[in-house]
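Q: Sharing a structure here in structure tokens format.
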Amino acid sequence: MSPPLDSTRFEQIRASGDLPSPKGIALAVIRLTRQQDVSTAELARVIGADPAFVGRLIKAANGLVAFSRRPVASVHEALMVLGLPAVRTMVLGFSLLSHYRRGACQAFDYNRFWSVSLARALAAQVFGERTRAAPADELFAVGLLGSVGELALATLYPADYAGVLERAGQPGAAPLLDLEQAQLAMDHRELTGAMLEDWGLPRIFIDAVAQSHEPDEPQLAEGSRARRMLQVLVAARSVAEICVSDATARTRLAAGLFAQAACLGIERECMVADCERIAALWVEWGSMLQLEQPGAPRFADLAEAGPVVAAAARTPGLSQARSRNPVQLPVTPGPADTVSGEPVPHVQRSLIVDDEPRTRASLRAVLEQAHYEVHEAGDGRAGMELALELQPQIMILDWKLPELNGPDLVRSLRQTRIGQAIYMILLTHSDDDEHLVAAFEAGADDFIAKPLRPRVLAARLRAGQRVVRLQQEVEREHEEIRHFASQLAVTNRRLHEAALTDALTGFPNRRYAIDRIQQEWSAAQRWGRPLSCMIIDLDNFKQINDTFGHDVGDEVLRSAADALRGALRGQDVVCRTGGDEFLAICPETDLPHALICAERLRSALDKLSLQAGDAHVAISASIGVAMREHWMPDVDALMKQADLGAYLAKQKGRNRVATVQKTGESGGGLAAPE
């Protein structure tokens with residue numbers, strides 16, 4: 001596993017301004033919920049300004065929480081039911097869905113991404129209700145954002161990530177996470193974790209989300225709350241895959257899902273009922289969010305077919321293959337793709353917003369003659385929705401419109417990232433100075449006085465086309481700059497990783513070790529979690545070097561590193577801190593468990609044997625173990641205790657584990673102070 005995304009690197013990415021982030025009202029809601037004294041009434045007032053958010057939150061409060069509550073009818077009641085943490089994260093997720101339902105990465109299926117995320121969110125919440133693994137409302141939000149790193153990579157590096165996805169879809173391809181690391185020096189799992197942490201999600205949720213990408217490599221303690229949440233997220237991920245897959249794949253995937261039901265303690269009949277409910281909600285929510293979805297699966301039929309494929313689901317390695325090589329996103333050809341590979345001209349989109357059919361017909365004729373793809377809306381509210389969905393290059397709208405008048409529509413669109421790029425022409429019955437000033441202050445690019453004159457309109461359109469072309473050229477230049485910046489960032493990250501990696505063993509080096517243990521110390525101090533570390537000192541290493549030479553010494557170090565790597569738990573980090581010394585950092589680990597882990601490392605080293613000519617080289621290590629205690633002022637005190645333990649192990653005869661914090665001896669390899 002690669003080192004986690006460091007804070008400096010993430011700050012650079014966030015400073016670029018391209019990272020998916022909440023907009024408008026969602027941003028205001030998130031800022032409010034971070035205040036200690038925010039009132040529910042104030043929050044309800046802000047959310048009430050966006051009818052779409054109002055509808056989604058009330059639906060979440062009514063349909064996705066407990067069965068026995070009376071119907072929720074207001075934003076205030078929804079806030080009381082859901083709670084501020086869930087509301088904040090839901091609003092965040094819905095904001096991202098609204099603003100990032102399409103993008104520049106041609107190989108990334110944005111619709112499928114959000115369909116999967118929605119299904120995973122609904123499944124996580126329903127399973128959360130059943131298992132009480134975590135608050136069901138928060139699990140909904142976590143499920144919705146659990147793969148946001150994929151969306152972020154597609155947004156940050158559209159061209160590079162398209163290449164990664166295309167390679168991932170080829171037969172025999174490496175796992176997606178490995179391809180992302182090779183191309184971008186980061187993967188969607190670590191970027192998801194960094195974004196969720198930046199948005200203020202609790203660490204326990206972030207750990208469960210990170211582990212859910214590779215559930216067959218357990219890192220969370222059996223029976224812990226985080227492990228329970230992981231099982232919920234893994235089952236939710238399976239439901240989501242079934243929802244978006246074809247009939248053949250659904251039958252195969254269902255076997256794994258019903259096997260996971262046993263891990264969650266859910267009976268098969270209850271799992272079927274829950275999944276049927278999830279599928280119905282998925283269709284209902286998908287329609288409300290305007291997602292294109294395949295027909296909902298019938299889980300009752302899949303359950304009947306389950307025994308036929310259950311044996312295949314139990315085949316060793318199948319689950320791991322699925323987790324490491326997830327269903328890849330299909331390549332969606334862009335406007336420049338043809339069968340021959342030659343580019344085709346890009347059709348300019350236009351949008352007419354006018355409540356008079358005759359005016360729309362006149363405008364359509366002029367626009368079609370200029371080879372525009374023409375769309376129409378009859379009122380301001382519909383025009384707003386179409387503009388955000390279609391992202392037209394040119395928009396012609398009347399001053400007086402039902403629902404939302406022209407200047408207000410222009411102002412609303414200019415507040416969005418999509419609306420800033422649209423060339424907008426206002427139609428007005430008056431060309432006096434006051435009207436013109438008001439039009440331009442609203443954000444319009446041009447105006448046309450009624451009645452319409454086709455030749456004047458065509459001339460204004462040509463002027464608009466020149467502006468649009470200039471904007472597109474600027475955007476292309478910006479894209480080239482972003483592409484160059486992304487390549488530079490990848491190179492810098494690789495150099496940074498190289499500077500933190502020991503070339504001989506491949507382990508992180510001392511510089512990384514000091515930074516990492518300081519981070520874990522701060523986290524343990526903040527959240528009151530245990531933290532242990534080990535000093536691993538190879539026995540008689542100087543004598544091996546003096547007797548057999550440095551080549552054999554290097555081979556001993558490489559062999560020892562491989563043995564440690566194989567015996568290591570997923571959550572632990574081992575670094576080479578000196579010539580024959582290693583430091584193991586063990587987050588979320590108390591002293592008894594650290595001693596058990598240390599004994600496993602010692603045993604793995606003790607089993608090694610190395611042949612140097614006719615001589616046999618024995619490899620062993622003395623390991624000192626220490627756990628953070630309240631009296632320790634800093635990391636140095638913790639490492640000092642582990643160092644004393646290693647010294648004690650050597651005094652006891654080497655090839656053993658020792659600690660100065662625990663009395664009593666446990667097993668042939670464990671030692672403690674007398």
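Simple scheme: letters A, B, ... for chains in structure tokens order, numbers from 1 for residues in each chain, numbers from 1 for ligands in the order shown.
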Fewer than 5 positions away in the same chain doesn't count, so skip those; otherwise give me all residues within 7 Å of Asn509 (chain A), counting only C-alpha atoms, as a PDB file with N, CA and C atoms, in the first residue's frame.

A:
ATOM      1  N   LEU A 500      11.497   9.758   0.547  1.00  0.00           N
ATOM      2  CA  LEU A 500      11.051   9.165   1.802  1.00  0.00           C
ATOM      3  C   LEU A 500      11.161   7.646   1.809  1.00  0.00           C
ATOM      4  N   THR A 501      11.824   7.080   0.810  1.00  0.00           N
ATOM      5  CA  THR A 501      11.886   5.622   0.676  1.00  0.00           C
ATOM      6  C   THR A 501      13.330   5.145   0.741  1.00  0.00           C
ATOM      7  N   ASP A 502      13.548   4.069   1.489  1.00  0.00           N
ATOM      8  CA  ASP A 502      14.863   3.434   1.562  1.00  0.00           C
ATOM      9  C   ASP A 502      15.059   2.581   0.315  1.00  0.00           C
ATOM     10  N   CYS A 575       9.367   1.091   8.994  1.00  0.00           N
ATOM     11  CA  CYS A 575      10.332   1.968   8.336  1.00  0.00           C
ATOM     12  C   CYS A 575      11.745   1.508   8.711  1.00  0.00           C
ATOM     13  N   ARG A 576      12.678   1.710   7.794  1.00  0.00           N
ATOM     14  CA  ARG A 576      14.077   1.446   8.126  1.00  0.00           C
ATOM     15  C   ARG A 576      14.685   2.746   8.634  1.00  0.00           C
ATOM     16  N   THR A 577      15.100   2.744   9.894  1.00  0.00           N
ATOM     17  CA  THR A 577      15.574   3.974  10.518  1.00  0.00           C
ATOM     18  C   THR A 577      17.082   4.023  10.689  1.00  0.00           C
TER      19      THR A 577
END

Q: DSSP says alpha helix (DSSP H) for which residues of region 531-624 of chain A? Put them as a compact mmCIF listing (two decimals) with all heavy atoms, in the first residue's frame?

A:
# COMPACT_ATOMS: atom_id res chain seq x y z
N PHE A 541 24.36 -8.11 13.31
CA PHE A 541 24.45 -7.67 11.91
C PHE A 541 25.87 -7.19 11.57
O PHE A 541 26.37 -7.45 10.48
CB PHE A 541 23.43 -6.55 11.65
CG PHE A 541 23.40 -6.10 10.21
CD1 PHE A 541 22.86 -6.91 9.22
CD2 PHE A 541 23.94 -4.87 9.83
CE1 PHE A 541 22.85 -6.50 7.89
CE2 PHE A 541 23.93 -4.46 8.52
CZ PHE A 541 23.38 -5.28 7.54
N LYS A 542 26.53 -6.50 12.51
CA LYS A 542 27.90 -6.04 12.26
C LYS A 542 28.83 -7.24 12.04
O LYS A 542 29.69 -7.22 11.15
CB LYS A 542 28.39 -5.19 13.43
CG LYS A 542 29.78 -4.59 13.21
CD LYS A 542 30.18 -3.71 14.38
CE LYS A 542 31.51 -3.02 14.10
NZ LYS A 542 32.60 -3.97 13.80
N GLN A 543 28.63 -8.29 12.80
CA GLN A 543 29.45 -9.49 12.64
C GLN A 543 29.21 -10.14 11.28
O GLN A 543 30.15 -10.63 10.63
CB GLN A 543 29.11 -10.47 13.76
CG GLN A 543 29.95 -11.75 13.74
CD GLN A 543 29.57 -12.69 14.87
OE1 GLN A 543 28.92 -12.29 15.83
NE2 GLN A 543 29.99 -13.94 14.74
N ILE A 544 27.95 -10.12 10.81
CA ILE A 544 27.65 -10.68 9.48
C ILE A 544 28.37 -9.87 8.41
O ILE A 544 28.98 -10.42 7.48
CB ILE A 544 26.12 -10.66 9.24
CG1 ILE A 544 25.43 -11.66 10.16
CG2 ILE A 544 25.80 -10.98 7.78
CD1 ILE A 544 23.91 -11.60 10.13
N ASN A 545 28.32 -8.54 8.52
CA ASN A 545 29.01 -7.69 7.55
C ASN A 545 30.51 -7.94 7.56
O ASN A 545 31.15 -8.05 6.51
CB ASN A 545 28.73 -6.21 7.87
CG ASN A 545 27.57 -5.65 7.07
OD1 ASN A 545 27.21 -6.21 6.02
ND2 ASN A 545 26.99 -4.57 7.54
N ASP A 546 31.10 -8.02 8.77
CA ASP A 546 32.55 -8.20 8.88
C ASP A 546 32.99 -9.58 8.38
O ASP A 546 34.07 -9.72 7.80
CB ASP A 546 32.99 -8.02 10.35
CG ASP A 546 32.80 -6.59 10.82
OD1 ASP A 546 32.64 -5.70 9.96
OD2 ASP A 546 32.79 -6.37 12.06
N THR A 547 32.15 -10.58 8.59
CA THR A 547 32.52 -11.96 8.24
C THR A 547 32.28 -12.26 6.77
O THR A 547 33.13 -12.84 6.08
CB THR A 547 31.74 -12.96 9.11
OG1 THR A 547 31.97 -12.66 10.49
CG2 THR A 547 32.16 -14.39 8.81
N PHE A 548 31.13 -11.87 6.26
CA PHE A 548 30.72 -12.28 4.91
C PHE A 548 30.75 -11.15 3.88
O PHE A 548 30.58 -11.39 2.69
CB PHE A 548 29.30 -12.88 4.95
CG PHE A 548 29.18 -14.06 5.87
CD1 PHE A 548 28.56 -13.94 7.11
CD2 PHE A 548 29.68 -15.30 5.49
CE1 PHE A 548 28.44 -15.03 7.96
CE2 PHE A 548 29.56 -16.40 6.33
CZ PHE A 548 28.95 -16.27 7.57
N HIS A 550 29.68 -6.89 2.74
CA HIS A 550 28.50 -6.03 2.68
C HIS A 550 27.46 -6.54 1.70
O HIS A 550 26.26 -6.25 1.86
CB HIS A 550 28.91 -4.60 2.32
CG HIS A 550 29.64 -3.90 3.43
ND1 HIS A 550 29.00 -3.37 4.53
CD2 HIS A 550 30.97 -3.68 3.63
CE1 HIS A 550 29.88 -2.84 5.35
NE2 HIS A 550 31.10 -3.00 4.83
N ASP A 551 27.87 -7.30 0.67
CA ASP A 551 26.87 -7.86 -0.25
C ASP A 551 25.93 -8.80 0.48
O ASP A 551 24.71 -8.76 0.29
CB ASP A 551 27.57 -8.61 -1.40
CG ASP A 551 28.29 -7.67 -2.34
OD1 ASP A 551 28.01 -6.45 -2.26
OD2 ASP A 551 29.12 -8.14 -3.14
N VAL A 552 26.51 -9.66 1.32
CA VAL A 552 25.67 -10.57 2.10
C VAL A 552 24.85 -9.78 3.11
O VAL A 552 23.67 -10.07 3.35
CB VAL A 552 26.54 -11.62 2.82
CG1 VAL A 552 25.70 -12.47 3.77
CG2 VAL A 552 27.25 -12.49 1.80
N GLY A 553 25.46 -8.73 3.70
CA GLY A 553 24.71 -7.89 4.63
C GLY A 553 23.50 -7.24 3.98
O GLY A 553 22.41 -7.19 4.57
N ASP A 554 23.69 -6.76 2.74
CA ASP A 554 22.55 -6.17 2.02
C ASP A 554 21.47 -7.21 1.75
O ASP A 554 20.26 -6.91 1.85
CB ASP A 554 23.03 -5.56 0.70
CG ASP A 554 23.84 -4.30 0.89
OD1 ASP A 554 23.84 -3.77 2.03
OD2 ASP A 554 24.46 -3.83 -0.08
N GLU A 555 21.89 -8.43 1.42
CA GLU A 555 20.90 -9.49 1.16
C GLU A 555 20.15 -9.85 2.44
O GLU A 555 18.94 -10.15 2.40
CB GLU A 555 21.61 -10.73 0.59
CG GLU A 555 20.66 -11.82 0.12
CD GLU A 555 19.70 -11.33 -0.94
OE1 GLU A 555 20.10 -10.51 -1.80
OE2 GLU A 555 18.52 -11.75 -0.90
N VAL A 556 20.84 -9.82 3.57
CA VAL A 556 20.18 -10.06 4.85
C VAL A 556 19.10 -8.99 5.10
O VAL A 556 17.97 -9.30 5.51
CB VAL A 556 21.21 -10.07 6.00
CG1 VAL A 556 20.50 -9.99 7.36
CG2 VAL A 556 22.07 -11.32 5.93
N LEU A 557 19.45 -7.74 4.83
CA LEU A 557 18.48 -6.65 5.04
C LEU A 557 17.27 -6.80 4.12
O LEU A 557 16.12 -6.61 4.54
CB LEU A 557 19.15 -5.29 4.80
CG LEU A 557 20.13 -4.84 5.89
CD1 LEU A 557 20.89 -3.60 5.43
CD2 LEU A 557 19.38 -4.53 7.18
N ARG A 558 17.52 -7.15 2.85
CA ARG A 558 16.40 -7.32 1.91
C ARG A 558 15.51 -8.49 2.34
O ARG A 558 14.28 -8.40 2.30
CB ARG A 558 16.93 -7.53 0.49
CG ARG A 558 17.31 -6.25 -0.22
CD ARG A 558 17.56 -6.49 -1.69
NE ARG A 558 18.80 -7.24 -1.90
CZ ARG A 558 19.97 -6.67 -2.17
NH1 ARG A 558 20.08 -5.36 -2.24
NH2 ARG A 558 21.06 -7.41 -2.35
N SER A 559 16.13 -9.60 2.74
CA SER A 559 15.36 -10.76 3.17
C SER A 559 14.56 -10.44 4.44
O SER A 559 13.40 -10.84 4.58
CB SER A 559 16.29 -11.95 3.42
OG SER A 559 16.98 -12.31 2.25
N ALA A 560 15.18 -9.73 5.35
CA ALA A 560 14.47 -9.35 6.59
C ALA A 560 13.29 -8.44 6.28
O ALA A 560 12.21 -8.59 6.85
CB ALA A 560 15.44 -8.66 7.55
N ALA A 561 13.51 -7.51 5.35
CA ALA A 561 12.42 -6.60 4.97
C ALA A 561 11.25 -7.37 4.36
O ALA A 561 10.08 -7.10 4.68
CB ALA A 561 12.94 -5.54 3.99
N ASP A 562 11.55 -8.34 3.50
CA ASP A 562 10.48 -9.15 2.89
C ASP A 562 9.72 -9.93 3.95
O ASP A 562 8.48 -10.05 3.90
CB ASP A 562 11.07 -10.11 1.85
CG ASP A 562 11.58 -9.38 0.62
OD1 ASP A 562 11.14 -8.23 0.40
OD2 ASP A 562 12.40 -9.96 -0.12
N ALA A 563 10.44 -10.47 4.91
CA ALA A 563 9.79 -11.24 5.98
C ALA A 563 8.90 -10.34 6.83
O ALA A 563 7.77 -10.71 7.19
CB ALA A 563 10.84 -11.93 6.85
N LEU A 564 9.39 -9.16 7.17
CA LEU A 564 8.59 -8.22 7.96
C LEU A 564 7.35 -7.78 7.19
O LEU A 564 6.25 -7.69 7.75
CB LEU A 564 9.43 -6.99 8.33
CG LEU A 564 10.58 -7.22 9.32
CD1 LEU A 564 11.42 -5.96 9.45
CD2 LEU A 564 10.04 -7.64 10.68
N ARG A 565 7.52 -7.53 5.90
CA ARG A 565 6.41 -7.09 5.06
C ARG A 565 5.31 -8.16 5.02
O ARG A 565 4.12 -7.85 5.06
CB ARG A 565 6.92 -6.78 3.66
CG ARG A 565 5.94 -6.03 2.79
CD ARG A 565 6.55 -5.71 1.43
NE ARG A 565 7.52 -4.63 1.51
CZ ARG A 565 8.83 -4.79 1.34
NH1 ARG A 565 9.33 -5.98 1.10
NH2 ARG A 565 9.64 -3.75 1.42
N GLY A 566 5.72 -9.42 4.94
CA GLY A 566 4.75 -10.51 4.88
C GLY A 566 4.02 -10.75 6.17
O GLY A 566 2.87 -11.21 6.17
N ALA A 567 4.66 -10.45 7.31
CA ALA A 567 4.04 -10.70 8.61
C ALA A 567 3.32 -9.49 9.17
O ALA A 567 2.70 -9.56 10.23
CB ALA A 567 5.12 -11.15 9.60
N LEU A 591 -0.79 -2.43 24.21
CA LEU A 591 0.46 -3.15 24.46
C LEU A 591 0.32 -4.67 24.28
O LEU A 591 1.16 -5.29 23.62
CB LEU A 591 1.00 -2.81 25.85
CG LEU A 591 2.41 -3.32 26.14
CD1 LEU A 591 3.42 -2.76 25.16
CD2 LEU A 591 2.82 -2.95 27.57
N PRO A 592 -0.73 -5.32 24.84
CA PRO A 592 -0.83 -6.78 24.64
C PRO A 592 -0.90 -7.18 23.18
O PRO A 592 -0.24 -8.14 22.76
CB PRO A 592 -2.13 -7.13 25.39
CG PRO A 592 -2.29 -6.06 26.42
CD PRO A 592 -1.76 -4.83 25.77
N HIS A 593 -1.69 -6.45 22.37
CA HIS A 593 -1.77 -6.79 20.95
C HIS A 593 -0.48 -6.47 20.22
O HIS A 593 -0.09 -7.17 19.28
CB HIS A 593 -2.95 -6.06 20.31
CG HIS A 593 -4.29 -6.61 20.70
ND1 HIS A 593 -5.01 -6.11 21.76
CD2 HIS A 593 -5.03 -7.63 20.18
CE1 HIS A 593 -6.14 -6.78 21.88
NE2 HIS A 593 -6.18 -7.72 20.95
N ALA A 594 0.20 -5.40 20.63
CA ALA A 594 1.48 -5.06 20.00
C ALA A 594 2.52 -6.15 20.28
O ALA A 594 3.34 -6.49 19.41
CB ALA A 594 1.97 -3.71 20.52
N LEU A 595 2.50 -6.71 21.49
CA LEU A 595 3.44 -7.79 21.82
C LEU A 595 3.17 -9.03 20.96
O LEU A 595 4.10 -9.70 20.49
CB LEU A 595 3.33 -8.14 23.30
CG LEU A 595 3.93 -7.12 24.28
CD1 LEU A 595 3.47 -7.42 25.70
CD2 LEU A 595 5.45 -7.11 24.18
N ILE A 596 1.90 -9.33 20.74
CA ILE A 596 1.55 -10.47 19.89
C ILE A 596 2.03 -10.23 18.47
O ILE A 596 2.60 -11.12 17.81
CB ILE A 596 0.02 -10.71 19.92
CG1 ILE A 596 -0.41 -11.16 21.32
CG2 ILE A 596 -0.39 -11.73 18.87
CD1 ILE A 596 -1.92 -11.20 21.52
N CYS A 597 1.80 -9.02 17.97
CA CYS A 597 2.26 -8.68 16.62
C CYS A 597 3.78 -8.74 16.53
O CYS A 597 4.34 -9.24 15.54
CB CYS A 597 1.75 -7.28 16.27
SG CYS A 597 2.20 -6.75 14.60
N ALA A 598 4.47 -8.24 17.56
CA ALA A 598 5.93 -8.26 17.55
C ALA A 598 6.46 -9.69 17.54
O ALA A 598 7.45 -9.99 16.86
CB ALA A 598 6.46 -7.50 18.77
N GLU A 599 5.79 -10.57 18.28
CA GLU A 599 6.22 -11.97 18.29
C GLU A 599 6.06 -12.60 16.91
O GLU A 599 6.88 -13.41 16.48
CB GLU A 599 5.43 -12.74 19.34
CG GLU A 599 5.68 -14.24 19.36
CD GLU A 599 7.14 -14.60 19.62
OE1 GLU A 599 7.89 -13.77 20.19
OE2 GLU A 599 7.54 -15.72 19.25
N ARG A 600 5.00 -12.21 16.19
CA ARG A 600 4.82 -12.74 14.84
C ARG A 600 5.95 -12.25 13.92
O ARG A 600 6.46 -13.01 13.09
CB ARG A 600 3.46 -12.30 14.30
CG ARG A 600 3.13 -12.92 12.95
CD ARG A 600 1.68 -12.71 12.55
NE ARG A 600 1.35 -11.32 12.34
CZ ARG A 600 0.57 -10.60 13.13
NH1 ARG A 600 0.02 -11.16 14.21
NH2 ARG A 600 0.31 -9.33 12.88
N LEU A 601 6.36 -11.00 14.07
CA LEU A 601 7.47 -10.48 13.27
C LEU A 601 8.78 -11.20 13.63
O LEU A 601 9.57 -11.55 12.75
CB LEU A 601 7.62 -8.97 13.50
CG LEU A 601 6.45 -8.08 13.08
CD1 LEU A 601 6.76 -6.62 13.37
CD2 LEU A 601 6.12 -8.25 11.60
N ARG A 602 9.01 -11.38 14.94
CA ARG A 602 10.24 -12.08 15.36
C ARG A 602 10.29 -13.50 14.80
O ARG A 602 11.33 -13.96 14.32
CB ARG A 602 10.29 -12.12 16.90
CG ARG A 602 11.60 -12.72 17.45
CD ARG A 602 11.38 -13.34 18.82
NE ARG A 602 10.45 -14.45 18.78
CZ ARG A 602 10.77 -15.68 18.36
NH1 ARG A 602 11.99 -15.96 17.93
NH2 ARG A 602 9.85 -16.64 18.36
N SER A 603 9.14 -14.18 14.87
CA SER A 603 9.09 -15.55 14.38
C SER A 603 9.36 -15.61 12.87
O SER A 603 10.04 -16.52 12.39
CB SER A 603 7.72 -16.15 14.71
OG SER A 603 7.62 -17.46 14.20
N ALA A 604 8.81 -14.64 12.14
CA ALA A 604 9.03 -14.62 10.69
C ALA A 604 10.51 -14.44 10.36
O ALA A 604 11.04 -15.07 9.43
CB ALA A 604 8.20 -13.49 10.05
N LEU A 605 11.20 -13.60 11.12
CA LEU A 605 12.63 -13.41 10.89
C LEU A 605 13.43 -14.64 11.29
O LEU A 605 14.40 -15.02 10.63
CB LEU A 605 13.12 -12.19 11.69
CG LEU A 605 12.62 -10.83 11.22
CD1 LEU A 605 13.01 -9.74 12.22
CD2 LEU A 605 13.18 -10.48 9.84
N ASP A 606 13.01 -15.28 12.37
CA ASP A 606 13.73 -16.45 12.88
C ASP A 606 13.68 -17.62 11.90
O ASP A 606 14.55 -18.49 11.91
CB ASP A 606 13.14 -16.85 14.23
CG ASP A 606 14.02 -17.85 14.96
OD1 ASP A 606 15.26 -17.74 14.87
OD2 ASP A 606 13.46 -18.76 15.61

Q: Can you tell me which residues surround Asp572 (chain A) at a distance of at most 7 Å, considering only C-alpha atoms, apart from same-chain residues fewer than 3 positions away, and format the answer as a list in words?

A: Leu568, Arg569, Ala584, Ile585, Cys586 and Pro587 of chain A

Q: Mind dumping the selected residues with N, CA and C atoms as an mmCIF file, in the first residue's frame?

A:
data_model
loop_
_atom_site.group_PDB
_atom_site.id
_atom_site.type_symbol
_atom_site.label_atom_id
_atom_site.label_comp_id
_atom_site.auth_asym_id
_atom_site.auth_seq_id
_atom_site.Cartn_x
_atom_site.Cartn_y
_atom_site.Cartn_z
ATOM 1 N N LEU A 568 3.373 -8.383 8.451
ATOM 2 C CA LEU A 568 2.841 -7.115 8.942
ATOM 3 C C LEU A 568 1.321 -7.079 8.835
ATOM 4 N N ARG A 569 0.661 -6.425 9.801
ATOM 5 C CA ARG A 569 -0.770 -6.152 9.672
ATOM 6 C C ARG A 569 -0.963 -4.988 8.706
ATOM 7 N N ALA A 584 8.564 -0.013 13.737
ATOM 8 C CA ALA A 584 7.194 -0.373 13.368
ATOM 9 C C ALA A 584 6.237 0.516 14.144
ATOM 10 N N ILE A 585 5.320 1.180 13.420
ATOM 11 C CA ILE A 585 4.317 2.057 14.027
ATOM 12 C C ILE A 585 2.983 1.323 13.984
ATOM 13 N N CYS A 586 2.328 1.207 15.126
ATOM 14 C CA CYS A 586 1.105 0.386 15.240
ATOM 15 C C CYS A 586 -0.045 1.240 15.777
ATOM 16 N N PRO A 587 -0.784 1.936 14.896
ATOM 17 C CA PRO A 587 -1.929 2.728 15.364
ATOM 18 C C PRO A 587 -3.034 1.814 15.884
#

Q: If we count only C-alpha atoms, what is near Ser212 (chain A) at a cut-off of 10 Å, once residues fewer than 5 positions away on the same chain are taken out, given as JSON, numbers by chain?

A: {"A": [146, 147, 189, 206, 207, 217, 218, 227, 229, 230, 231, 232, 233, 234, 235, 236, 237, 323]}

Q: Which residue is closest to Val244 (chain A)? Choose from A:Ile278, A:Ala119, A:Ile422, A:Cys270 and count only C-alpha atoms.

A: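 Among the listed residues, A:Ala119 lies closest to Val244 (chain A).
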
Q: Have a look at A:Arg167, A:Phe113, A:Leu531, A:Glu368 and name the one nearest to Gln293 (chain A); count only C-alpha atoms.

A: A:Phe113

Q: Using 10 Å as the limit and counting only C-alpha atoms, can you tabulate each residue of region 59-135 of chain A that touches region 389-398 of chain A, with its shortest atom-to-atom distance in Å and the two atoms involved, as a Markdown table?

A:
| residue | atom | partner | partner_atom | distance |
| --- | --- | --- | --- | --- |
| A:Ser98 | CA | A:Glu389 | CA | 9.1 |
| A:His99 | CA | A:Glu389 | CA | 9.3 |
| A:Arg101 | CA | A:Glu389 | CA | 8.5 |
| A:Arg102 | CA | A:Glu389 | CA | 8.7 |

Q: Give me a file of those residues, with N, CA, C and O atoms, as a compact mmCIF listing (two decimals), in the first residue's frame.

A:
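Final output, part-v8.txt:
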# COMPACT_ATOMS: atom_id res chain seq x y z
N SER A 98 -25.30 17.74 -8.28
CA SER A 98 -25.89 18.76 -9.15
C SER A 98 -24.85 19.41 -10.06
O SER A 98 -25.13 19.70 -11.22
N HIS A 99 -23.65 19.63 -9.55
CA HIS A 99 -22.65 20.40 -10.29
C HIS A 99 -21.64 19.54 -11.04
O HIS A 99 -20.89 20.05 -11.87
N ARG A 101 -22.45 16.34 -12.62
CA ARG A 101 -23.12 15.21 -13.26
C ARG A 101 -22.58 14.97 -14.67
O ARG A 101 -22.95 14.03 -15.35
N ARG A 102 -21.70 15.84 -15.12
CA ARG A 102 -20.96 15.61 -16.37
C ARG A 102 -19.64 16.35 -16.28
O ARG A 102 -19.46 17.22 -15.43

Q: Interatomic distance between CA of Ile242 (chain A) and CA of Leu191 (chain A)?

A: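 One can read the CA of Ile242 (chain A) to CA of Leu191 (chain A) distance as 25.3 Å.
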
Q: Considering only C-alpha atoms, state which residue in the set A:Pro633, A:Pro454, A:Gly549, A:Pro402 is at the smallest distance from Gln525 (chain A).

A: A:Pro633

Q: To one decimal place, how far is CA of Ala370 (chain A) from CA of Arg460 (chain A) in Å?

A: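 Here the two named atoms are 11.6 Å from each other.
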
Q: Find the residues near region 17-21 of chain A: any atom within 8 Å, counting only C-alpha atoms, skip ones fewer than 4 places away on the same chain, and give them as number ranges by chain.

A: A: 13, 92, 96, 100, 151-152, 155-156

Q: Please give the complete set of residues from region 322-461 of chain A that DSSP, run on the backbone, assigns to strand (DSSP E), formatted as number ranges by chain.

A: A: 348-353, 372-377, 394-398, 423-428, 446-449
